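**Q** My structure is below; once you've seen it, I'll send some questions.
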Amino acid sequence: MTSIDIQGVVGWARAPDPGERVLTTILFADIVGSTATDERLGDAAWNRSLATHHADLFALLGHHRGRLVNTTGDGFIATFDAPARAIRCGLSLMYVSRNLGIELRAGVHTGEVEYVGEDIRGLAVHLAARIMDAAAPGTALVSGTTRELTLGAGIEFVPRGMRTFKGISEERPVYEARAADADAEPLPAQRPRDPT
């Protein structure tokens with residue numbers, strides 16, 4: 001994946017002061033099978049799809065009041081001030097990316113993080129990444145904590161059992177998030193797509 005240029009990109013929310021611990025919702029998302037997709041589409045078409053994907057990412061982060069923290073190879077990490085916004089952003093990005101031939105998987109967890117400059121660290125970050133790793137292509141998994149905080153928000157949660165995550169001692173419940181109705185998965189602004 002080509003790197004996302006985050007220079008000059010201003011998120012909706014400011015980053016807290018360094019060392020400050022803040023309750024936040026973390027969204028990890030990752031492109032599935034990027035090398036195989038590049039081979040199937042060819043470099044030129046793949047790069048155009050990635051450029052559109054990155055533009056959609058920035059637009060959706062702005063719409064859902066998310067803040068891009070960092071890129072992670074074929075994916076990204078973002079923070080949100082409300083868990084429903086993080087889930088909706090992830091579901092929306094998966095939806096628009098699928099139209100580009102890009103399949104994503106996502107993981108969402110809510111917990112306390114420590115800010116180190118613009119970056120974040122802490123157990124909640126590790127857990128969000130592990131939850132994403134457990135997601136099948138085309139799905140968004142969320143922690144039990146995040147699910148509890150978003151009940152009644154128009155998002156459907158399908159139980160996916162108890163999971164043991166590397167480096168975390170206790171089993172944790174995970175749920176697959178799905179749009180419960182047409183309004184729960186906002187469509188992107190209508191604009192022409194390059195089909196090639």
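Chain labels run A, B, ... following the order of the structure tokens; each chain numbers its residues from 1, and ligands are numbered from 1 in the order shown.
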In stretch 13-167 of chain A, what's strand (DSSP E or B) per DSSP? Answer as a ChimeraX atom specification?

**A** /A:21-32,66-71,75-80,103-116,119-121,140-143,155-163

**Q** Can you tell me which residues surround A:Gly90 at a distance of at most 9 Å, considering only C-alpha atoms, apart from same-chain residues fewer than 2 positions away, and format the answer as a list in words?

**A** Leu27, Phe28, Ala29, Leu60, Arg85, Ala86, Ile87, Arg88, Ser92, Leu93, Met94, Tyr95, Arg105, Ala106, Gly107, Val108 and Ala140 of chain A

**Q** To one decimal place, how far is atom CA of A:Pro83 from atom CA of A:Ser34 in Å?

**A** 27.5 Å

**Q** With only C-alpha atoms as the basis for distance, which of A:Leu149, A:Ile77, A:Ile155, A:Ala51 is at the shortest distance from A:Asp119?

**A**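 Of A:Leu149, A:Ile77, A:Ile155, A:Ala51, the one nearest A:Asp119 is A:Ile77, counting only C-alpha atoms.
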
**Q** Using only C-alpha atoms, which of A:Arg121, A:Asp74, A:Arg130, A:Thr25 sits nearest A:His109?

**A** A:Thr25

**Q** Mind pulling up the distance from atom CA of A:Gly117 to atom CA of A:Asp30?

**A**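 Separation between atom CA of A:Asp30 and atom CA of A:Gly117: 23.3 Å.
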
**Q** Report, in Å with one decimal, the straight-line distance from atom CA of A:Glu118 to atom CA of A:Val69.

**A**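 It comes out at 6.6 Å.
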